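Peer 1: Dropping in protein-v6.pdb, with PDB, N, CA and C atoms, pLDDT in the B column.
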ATOM      1  N   MET A  14    -151.658 106.781  48.452  1.00 83.00           N
ATOM      2  CA  MET A  14    -150.985 107.017  49.701  1.00 83.00           C
ATOM      3  C   MET A  14    -149.492 106.791  49.471  1.00 83.00           C
ATOM      4  N   ASN A  15    -148.681 107.735  49.916  1.00 90.00           N
ATOM      5  CA  ASN A  15    -147.247 107.549  49.775  1.00 90.00           C
ATOM      6  C   ASN A  15    -146.665 106.946  51.054  1.00 90.00           C
ATOM      7  N   TRP A  16    -145.388 106.597  51.007  1.00 92.00           N
ATOM      8  CA  TRP A  16    -144.808 105.888  52.138  1.00 92.00           C
ATOM      9  C   TRP A  16    -144.747 106.754  53.395  1.00 92.00           C
ATOM     10  N   ASP A  17    -144.572 108.051  53.269  1.00 94.00           N
ATOM     11  CA  ASP A  17    -144.565 108.929  54.448  1.00 94.00           C
ATOM     12  C   ASP A  17    -145.907 108.865  55.174  1.00 94.00           C
ATOM     13  N   GLN A  18    -146.991 108.798  54.415  1.00 93.00           N
ATOM     14  CA  GLN A  18    -148.315 108.688  55.018  1.00 93.00           C
ATOM     15  C   GLN A  18    -148.485 107.340  55.706  1.00 93.00           C
ATOM     16  N   ILE A  19    -147.989 106.292  55.067  1.00 93.00           N
ATOM     17  CA  ILE A  19    -148.068 104.964  55.669  1.00 93.00           C
ATOM     18  C   ILE A  19    -147.278 104.941  56.972  1.00 93.00           C
ATOM     19  N   LYS A  20    -146.092 105.500  56.939  1.00 93.00           N
ATOM     20  CA  LYS A  20    -145.250 105.526  58.147  1.00 93.00           C
ATOM     21  C   LYS A  20    -145.951 106.278  59.271  1.00 93.00           C
ATOM     22  N   GLY A  21    -146.610 107.372  58.943  1.00 93.00           N
ATOM     23  CA  GLY A  21    -147.322 108.159  59.937  1.00 93.00           C
ATOM     24  C   GLY A  21    -148.526 107.439  60.525  1.00 93.00           C
ATOM     25  N   LYS A  22    -149.100 106.521  59.749  1.00 94.00           N
ATOM     26  CA  LYS A  22    -150.284 105.785  60.200  1.00 94.00           C
ATOM     27  C   LYS A  22    -149.952 104.330  60.507  1.00 94.00           C
ATOM     28  N   TRP A  23    -148.694 104.040  60.786  1.00 95.00           N
ATOM     29  CA  TRP A  23    -148.240 102.664  60.923  1.00 95.00           C
ATOM     30  C   TRP A  23    -149.069 101.864  61.918  1.00 95.00           C
ATOM     31  N   LYS A  24    -149.389 102.455  63.049  1.00 93.00           N
ATOM     32  CA  LYS A  24    -150.142 101.713  64.067  1.00 93.00           C
ATOM     33  C   LYS A  24    -151.509 101.291  63.541  1.00 93.00           C
ATOM     34  N   GLN A  25    -152.139 102.122  62.725  1.00 93.00           N
ATOM     35  CA  GLN A  25    -153.448 101.782  62.170  1.00 93.00           C
ATOM     36  C   GLN A  25    -153.326 100.789  61.012  1.00 93.00           C
ATOM     37  N   ILE A  26    -152.208 100.811  60.315  1.00 94.00           N
ATOM     38  CA  ILE A  26    -152.034 100.021  59.100  1.00 94.00           C
ATOM     39  C   ILE A  26    -151.425  98.645  59.380  1.00 94.00           C
ATOM     40  N   LYS A  27    -150.885  98.449  60.565  1.00 94.00           N
ATOM     41  CA  LYS A  27    -150.221  97.174  60.872  1.00 94.00           C
ATOM     42  C   LYS A  27    -151.115  95.969  60.603  1.00 94.00           C
ATOM     43  N   GLY A  28    -152.388  96.089  60.886  1.00 94.00           N
ATOM     44  CA  GLY A  28    -153.309  94.985  60.632  1.00 94.00           C
ATOM     45  C   GLY A  28    -153.425  94.668  59.153  1.00 94.00           C
ATOM     46  N   ASP A  29    -153.394  95.710  58.317  1.00 95.00           N
ATOM     47  CA  ASP A  29    -153.430  95.505  56.869  1.00 95.00           C
ATOM     48  C   ASP A  29    -152.179  94.778  56.389  1.00 95.00           C
ATOM     49  N   VAL A  30    -151.048  95.106  57.010  1.00 96.00           N
ATOM     50  CA  VAL A  30    -149.787  94.443  56.659  1.00 96.00           C
ATOM     51  C   VAL A  30    -149.900  92.953  56.978  1.00 96.00           C
ATOM     52  N   GLN A  31    -150.417  92.645  58.157  1.00 95.00           N
ATOM     53  CA  GLN A  31    -150.539  91.245  58.549  1.00 95.00           C
ATOM     54  C   GLN A  31    -151.581  90.509  57.715  1.00 95.00           C
ATOM     55  N   SER A  32    -152.604  91.208  57.258  1.00 95.00           N
ATOM     56  CA  SER A  32    -153.582  90.575  56.371  1.00 95.00           C
ATOM     57  C   SER A  32    -152.939  90.211  55.036  1.00 95.00           C
ATOM     58  N   GLU A  33    -152.091  91.096  54.555  1.00 96.00           N
ATOM     59  CA  GLU A  33    -151.435  90.875  53.258  1.00 96.00           C
ATOM     60  C   GLU A  33    -150.362  89.794  53.348  1.00 96.00           C
ATOM     61  N   TRP A  34    -149.561  89.840  54.399  1.00 97.00           N
ATOM     62  CA  TRP A  34    -148.470  88.882  54.598  1.00 97.00           C
ATOM     63  C   TRP A  34    -148.732  88.148  55.910  1.00 97.00           C
ATOM     64  N   GLY A  35    -149.618  87.173  55.846  1.00 97.00           N
ATOM     65  CA  GLY A  35    -150.142  86.490  57.017  1.00 97.00           C
ATOM     66  C   GLY A  35    -149.133  85.750  57.869  1.00 97.00           C
ATOM     67  N   GLU A  36    -147.969  85.435  57.319  1.00 97.00           N
ATOM     68  CA  GLU A  36    -146.968  84.725  58.099  1.00 97.00           C
ATOM     69  C   GLU A  36    -146.166  85.644  59.014  1.00 97.00           C
ATOM     70  N   LEU A  37    -146.297  86.953  58.839  1.00 97.00           N
ATOM     71  CA  LEU A  37    -145.554  87.888  59.687  1.00 97.00           C
ATOM     72  C   LEU A  37    -146.166  87.928  61.081  1.00 97.00           C
ATOM     73  N   THR A  38    -145.311  87.942  62.078  1.00 96.00           N
ATOM     74  CA  THR A  38    -145.779  88.031  63.459  1.00 96.00           C
ATOM     75  C   THR A  38    -145.959  89.496  63.847  1.00 96.00           C
ATOM     76  N   ASN A  39    -146.653  89.721  64.942  1.00 95.00           N
ATOM     77  CA  ASN A  39    -146.797  91.090  65.459  1.00 95.00           C
ATOM     78  C   ASN A  39    -145.435  91.708  65.714  1.00 95.00           C
ATOM     79  N   ASP A  40    -144.523  90.934  66.275  1.00 97.00           N
ATOM     80  CA  ASP A  40    -143.186  91.445  66.568  1.00 97.00           C
ATOM     81  C   ASP A  40    -142.453  91.875  65.301  1.00 97.00           C
ATOM     82  N   GLU A  41    -142.595  91.086  64.251  1.00 97.00           N
ATOM     83  CA  GLU A  41    -141.929  91.437  62.995  1.00 97.00           C
ATOM     84  C   GLU A  41    -142.509  92.720  62.409  1.00 97.00           C
ATOM     85  N   VAL A  42    -143.813  92.854  62.448  1.00 97.00           N
ATOM     86  CA  VAL A  42    -144.448  94.067  61.932  1.00 97.00           C
ATOM     87  C   VAL A  42    -144.046  95.269  62.791  1.00 97.00           C
ATOM     88  N   ASP A  43    -144.009  95.086  64.100  1.00 96.00           N
ATOM     89  CA  ASP A  43    -143.565  96.163  64.990  1.00 96.00           C
ATOM     90  C   ASP A  43    -142.123  96.550  64.705  1.00 96.00           C
ATOM     91  N   ARG A  44    -141.287  95.551  64.450  1.00 96.00           N
ATOM     92  CA  ARG A  44    -139.861  95.792  64.196  1.00 96.00           C
ATOM     93  C   ARG A  44    -139.650  96.630  62.936  1.00 96.00           C
ATOM     94  N   ALA A  45    -140.551  96.516  61.979  1.00 96.00           N
ATOM     95  CA  ALA A  45    -140.438  97.301  60.746  1.00 96.00           C
ATOM     96  C   ALA A  45    -140.597  98.795  61.032  1.00 96.00           C
ATOM     97  N   GLU A  46    -141.356  99.136  62.055  1.00 95.00           N
ATOM     98  CA  GLU A  46    -141.535 100.528  62.510  1.00 95.00           C
ATOM     99  C   GLU A  46    -141.961 101.469  61.396  1.00 95.00           C
ATOM    100  N   GLY A  47    -142.677 100.958  60.400  1.00 95.00           N
ATOM    101  CA  GLY A  47    -143.122 101.821  59.304  1.00 95.00           C
ATOM    102  C   GLY A  47    -142.052 102.118  58.282  1.00 95.00           C
ATOM    103  N   ASP A  48    -140.890 101.514  58.425  1.00 97.00           N
ATOM    104  CA  ASP A  48    -139.779 101.720  57.491  1.00 97.00           C
ATOM    105  C   ASP A  48    -139.906 100.725  56.342  1.00 97.00           C
ATOM    106  N   ARG A  49    -140.043 101.234  55.142  1.00 97.00           N
ATOM    107  CA  ARG A  49    -140.273 100.368  53.986  1.00 97.00           C
ATOM    108  C   ARG A  49    -139.146  99.361  53.790  1.00 97.00           C
ATOM    109  N   GLU A  50    -137.905  99.813  53.890  1.00 97.00           N
ATOM    110  CA  GLU A  50    -136.783  98.905  53.672  1.00 97.00           C
ATOM    111  C   GLU A  50    -136.750  97.793  54.715  1.00 97.00           C
ATOM    112  N   LYS A  51    -137.039  98.135  55.954  1.00 98.00           N
ATOM    113  CA  LYS A  51    -137.088  97.110  57.005  1.00 98.00           C
ATOM    114  C   LYS A  51    -138.203  96.115  56.717  1.00 98.00           C
ATOM    115  N   LEU A  52    -139.373  96.634  56.361  1.00 98.00           N
ATOM    116  CA  LEU A  52    -140.504  95.765  56.059  1.00 98.00           C
ATOM    117  C   LEU A  52    -140.166  94.840  54.901  1.00 98.00           C
ATOM    118  N   GLU A  53    -139.614  95.387  53.837  1.00 98.00           N
ATOM    119  CA  GLU A  53    -139.265  94.562  52.688  1.00 98.00           C
ATOM    120  C   GLU A  53    -138.240  93.496  53.061  1.00 98.00           C
ATOM    121  N   GLY A  54    -137.271  93.842  53.883  1.00 98.00           N
ATOM    122  CA  GLY A  54    -136.266  92.875  54.316  1.00 98.00           C
ATOM    123  C   GLY A  54    -136.878  91.752  55.139  1.00 98.00           C
ATOM    124  N   ILE A  55    -137.815  92.099  56.005  1.00 98.00           N
ATOM    125  CA  ILE A  55    -138.489  91.096  56.835  1.00 98.00           C
ATOM    126  C   ILE A  55    -139.325  90.166  55.958  1.00 98.00           C
ATOM    127  N   ILE A  56    -140.069  90.742  55.017  1.00 98.00           N
ATOM    128  CA  ILE A  56    -140.886  89.931  54.105  1.00 98.00           C
ATOM    129  C   ILE A  56    -139.989  89.026  53.271  1.00 98.00           C
ATOM    130  N   GLN A  57    -138.897  89.583  52.768  1.00 98.00           N
ATOM    131  CA  GLN A  57    -137.975  88.810  51.934  1.00 98.00           C
ATOM    132  C   GLN A  57    -137.410  87.623  52.713  1.00 98.00           C
ATOM    133  N   ALA A  58    -137.002  87.850  53.941  1.00 97.00           N
ATOM    134  CA  ALA A  58    -136.439  86.773  54.759  1.00 97.00           C
ATOM    135  C   ALA A  58    -137.497  85.721  55.099  1.00 97.00           C
ATOM    136  N   LYS A  59    -138.704  86.172  55.400  1.00 97.00           N
ATOM    137  CA  LYS A  59    -139.771  85.255  55.830  1.00 97.00           C
ATOM    138  C   LYS A  59    -140.269  84.383  54.680  1.00 97.00           C
ATOM    139  N   TYR A  60    -140.401  84.976  53.500  1.00 97.00           N
ATOM    140  CA  TYR A  60    -140.993  84.274  52.366  1.00 97.00           C
ATOM    141  C   TYR A  60    -139.972  83.756  51.348  1.00 97.00           C
ATOM    142  N   GLY A  61    -138.708  84.138  51.500  1.00 97.00           N
ATOM    143  CA  GLY A  61    -137.680  83.668  50.580  1.00 97.00           C
ATOM    144  C   GLY A  61    -137.834  84.181  49.166  1.00 97.00           C
ATOM    145  N   LYS A  62    -138.326  85.401  49.026  1.00 97.00           N
ATOM    146  CA  LYS A  62    -138.540  85.994  47.707  1.00 97.00           C
ATOM    147  C   LYS A  62    -137.396  86.948  47.381  1.00 97.00           C
ATOM    148  N   SER A  63    -137.302  87.290  46.106  1.00 98.00           N
ATOM    149  CA  SER A  63    -136.274  88.237  45.680  1.00 98.00           C
ATOM    150  C   SER A  63    -136.657  89.652  46.110  1.00 98.00           C
ATOM    151  N   LYS A  64    -135.657  90.500  46.139  1.00 97.00           N
ATOM    152  CA  LYS A  64    -135.883  91.894  46.513  1.00 97.00           C
ATOM    153  C   LYS A  64    -136.887  92.555  45.568  1.00 97.00           C
ATOM    154  N   GLU A  65    -136.770  92.253  44.291  1.00 98.00           N
ATOM    155  CA  GLU A  65    -137.669  92.847  43.296  1.00 98.00           C
ATOM    156  C   GLU A  65    -139.110  92.362  43.475  1.00 98.00           C
ATOM    157  N   GLU A  66    -139.281  91.065  43.742  1.00 98.00           N
ATOM    158  CA  GLU A  66    -140.624  90.526  43.980  1.00 98.00           C
ATOM    159  C   GLU A  66    -141.288  91.223  45.166  1.00 98.00           C
ATOM    160  N   VAL A  67    -140.532  91.365  46.227  1.00 98.00           N
ATOM    161  CA  VAL A  67    -141.073  91.983  47.435  1.00 98.00           C
ATOM    162  C   VAL A  67    -141.397  93.450  47.184  1.00 98.00           C
ATOM    163  N   ARG A  68    -140.525  94.147  46.477  1.00 98.00           N
ATOM    164  CA  ARG A  68    -140.778  95.561  46.172  1.00 98.00           C
ATOM    165  C   ARG A  68    -142.076  95.700  45.384  1.00 98.00           C
ATOM    166  N   ASN A  69    -142.293  94.831  44.406  1.00 98.00           N
ATOM    167  CA  ASN A  69    -143.530  94.864  43.610  1.00 98.00           C
ATOM    168  C   ASN A  69    -144.747  94.568  44.482  1.00 98.00           C
ATOM    169  N   GLU A  70    -144.626  93.600  45.377  1.00 97.00           N
ATOM    170  CA  GLU A  70    -145.734  93.276  46.273  1.00 97.00           C
ATOM    171  C   GLU A  70    -146.085  94.464  47.163  1.00 97.00           C
ATOM    172  N   VAL A  71    -145.061  95.119  47.693  1.00 97.00           N
ATOM    173  CA  VAL A  71    -145.304  96.268  48.572  1.00 97.00           C
ATOM    174  C   VAL A  71    -145.927  97.411  47.770  1.00 97.00           C
ATOM    175  N   ASP A  72    -145.460  97.634  46.550  1.00 96.00           N
ATOM    176  CA  ASP A  72    -146.064  98.665  45.694  1.00 96.00           C
ATOM    177  C   ASP A  72    -147.547  98.371  45.463  1.00 96.00           C
ATOM    178  N   ASN A  73    -147.876  97.114  45.148  1.00 96.00           N
ATOM    179  CA  ASN A  73    -149.275  96.730  44.918  1.00 96.00           C
ATOM    180  C   ASN A  73    -150.100  96.872  46.184  1.00 96.00           C
ATOM    181  N   TRP A  74    -149.538  96.514  47.318  1.00 96.00           N
ATOM    182  CA  TRP A  74    -150.238  96.650  48.601  1.00 96.00           C
ATOM    183  C   TRP A  74    -150.519  98.126  48.894  1.00 96.00           C
ATOM    184  N   MET A  75    -149.546  98.994  48.609  1.00 94.00           N
ATOM    185  CA  MET A  75    -149.731 100.429  48.848  1.00 94.00           C
ATOM    186  C   MET A  75    -150.904 100.968  48.043  1.00 94.00           C
ATOM    187  N   LYS A  76    -151.089 100.477  46.831  1.00 93.00           N
ATOM    188  CA  LYS A  76    -152.209 100.917  46.001  1.00 93.00           C
ATOM    189  C   LYS A  76    -153.545 100.501  46.615  1.00 93.00           C
ATOM    190  N   LYS A  77    -153.556  99.338  47.270  1.00 91.00           N
ATOM    191  CA  LYS A  77    -154.800  98.846  47.895  1.00 91.00           C
ATOM    192  C   LYS A  77    -155.165  99.638  49.138  1.00 91.00           C
ATOM    193  N   VAL A  78    -154.181 100.073  49.913  1.00 87.00           N
ATOM    194  CA  VAL A  78    -154.487 100.776  51.162  1.00 87.00           C
ATOM    195  C   VAL A  78    -154.680 102.270  50.938  1.00 87.00           C
ATOM    196  N   ALA A  79    -154.452 102.717  49.732  1.00 76.00           N
ATOM    197  CA  ALA A  79    -154.582 104.157  49.433  1.00 76.00           C
ATOM    198  C   ALA A  79    -156.011 104.637  49.582  1.00 76.00           C
TER     199      ALA A  79
END
Now that the file is in, can you turn its structure into structure tokens?

Peer 2:
Amino acid sequence: MNWDQIKGKWKQIKGDVQSEWGELTNDEVDRAEGDREKLEGIIQAKYGKSKEEVRNEVDNWMKKVA
């Protein structure tokens, strides 16, 4: 699944996002609006990880939801 597909199915996938990153609130996931950069920024701020770590996590998560 590519990011355009994820963005198109964001409402259905939001639960998967929260399962993967359990500390994210509904509001934070909603605020991402299916935008990868926004999501990565929110995860980075919440978990205190580097941009590269978060990018790798999101890539791995995308493979799982495919």

Peer 1: Can you work out the spacing between atom C of Trp74 (chain A) and atom N of Tyr60 (chain A) in Å, to one decimal?

Peer 2: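 For atom C of Trp74 (chain A) relative to atom N of Tyr60 (chain A), the distance reads 17.2 Å.
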
Peer 1: Which distance in Å separates CA of Ala79 (chain A) and CA of Met14 (chain A), to one decimal?

Peer 2: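 Taking CA of Ala79 (chain A) as the start and CA of Met14 (chain A) as the end point, the length is 4.6 Å.
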
Peer 1: When the PyMOL selection byres ((chain A and resi 45-55) around 7) is applied to the structure above, which residues does it catch, written out as a short mmCIF file (atom, residue, chain, number, x, y, z; two decimals) with N, CA and C atoms, in the coordinates of the input?

Peer 2:
data_model
loop_
_atom_site.label_atom_id
_atom_site.label_comp_id
_atom_site.auth_asym_id
_atom_site.auth_seq_id
_atom_site.Cartn_x
_atom_site.Cartn_y
_atom_site.Cartn_z
N ILE A 19 -147.99 106.29 55.07
CA ILE A 19 -148.07 104.96 55.67
C ILE A 19 -147.28 104.94 56.97
N LYS A 20 -146.09 105.50 56.94
CA LYS A 20 -145.25 105.53 58.15
C LYS A 20 -145.95 106.28 59.27
N GLY A 21 -146.61 107.37 58.94
CA GLY A 21 -147.32 108.16 59.94
C GLY A 21 -148.53 107.44 60.52
N TRP A 23 -148.69 104.04 60.79
CA TRP A 23 -148.24 102.66 60.92
C TRP A 23 -149.07 101.86 61.92
N ASP A 40 -144.52 90.93 66.28
CA ASP A 40 -143.19 91.44 66.57
C ASP A 40 -142.45 91.88 65.30
N GLU A 41 -142.60 91.09 64.25
CA GLU A 41 -141.93 91.44 63.00
C GLU A 41 -142.51 92.72 62.41
N VAL A 42 -143.81 92.85 62.45
CA VAL A 42 -144.45 94.07 61.93
C VAL A 42 -144.05 95.27 62.79
N ASP A 43 -144.01 95.09 64.10
CA ASP A 43 -143.56 96.16 64.99
C ASP A 43 -142.12 96.55 64.70
N ARG A 44 -141.29 95.55 64.45
CA ARG A 44 -139.86 95.79 64.20
C ARG A 44 -139.65 96.63 62.94
N ILE A 56 -140.07 90.74 55.02
CA ILE A 56 -140.89 89.93 54.10
C ILE A 56 -139.99 89.03 53.27
N GLN A 57 -138.90 89.58 52.77
CA GLN A 57 -137.98 88.81 51.93
C GLN A 57 -137.41 87.62 52.71
N ALA A 58 -137.00 87.85 53.94
CA ALA A 58 -136.44 86.77 54.76
C ALA A 58 -137.50 85.72 55.10
N LYS A 59 -138.70 86.17 55.40
CA LYS A 59 -139.77 85.26 55.83
C LYS A 59 -140.27 84.38 54.68
N TYR A 60 -140.40 84.98 53.50
CA TYR A 60 -140.99 84.27 52.37
C TYR A 60 -139.97 83.76 51.35
N VAL A 67 -140.53 91.36 46.23
CA VAL A 67 -141.07 91.98 47.44
C VAL A 67 -141.40 93.45 47.18
N ARG A 68 -140.52 94.15 46.48
CA ARG A 68 -140.78 95.56 46.17
C ARG A 68 -142.08 95.70 45.38
#

Peer 1: Report, in Å with one decimal, the straight-line distance from atom C of Gly61 (chain A) to atom N of Val30 (chain A).

Peer 2: 18.9 Å

Peer 1: Give me the box for region 46-57 of chain A as AutoDock Vina command-line options, namely the centre and edge lengths in Å to one decimal of a box along x, y and z that holds every listed atom plus 6 Å on each side.

Peer 2:
--center_x -139.7 --center_y 94.9 --center_z 57.2 --size_x 18.9 --size_y 26.5 --size_z 22.6
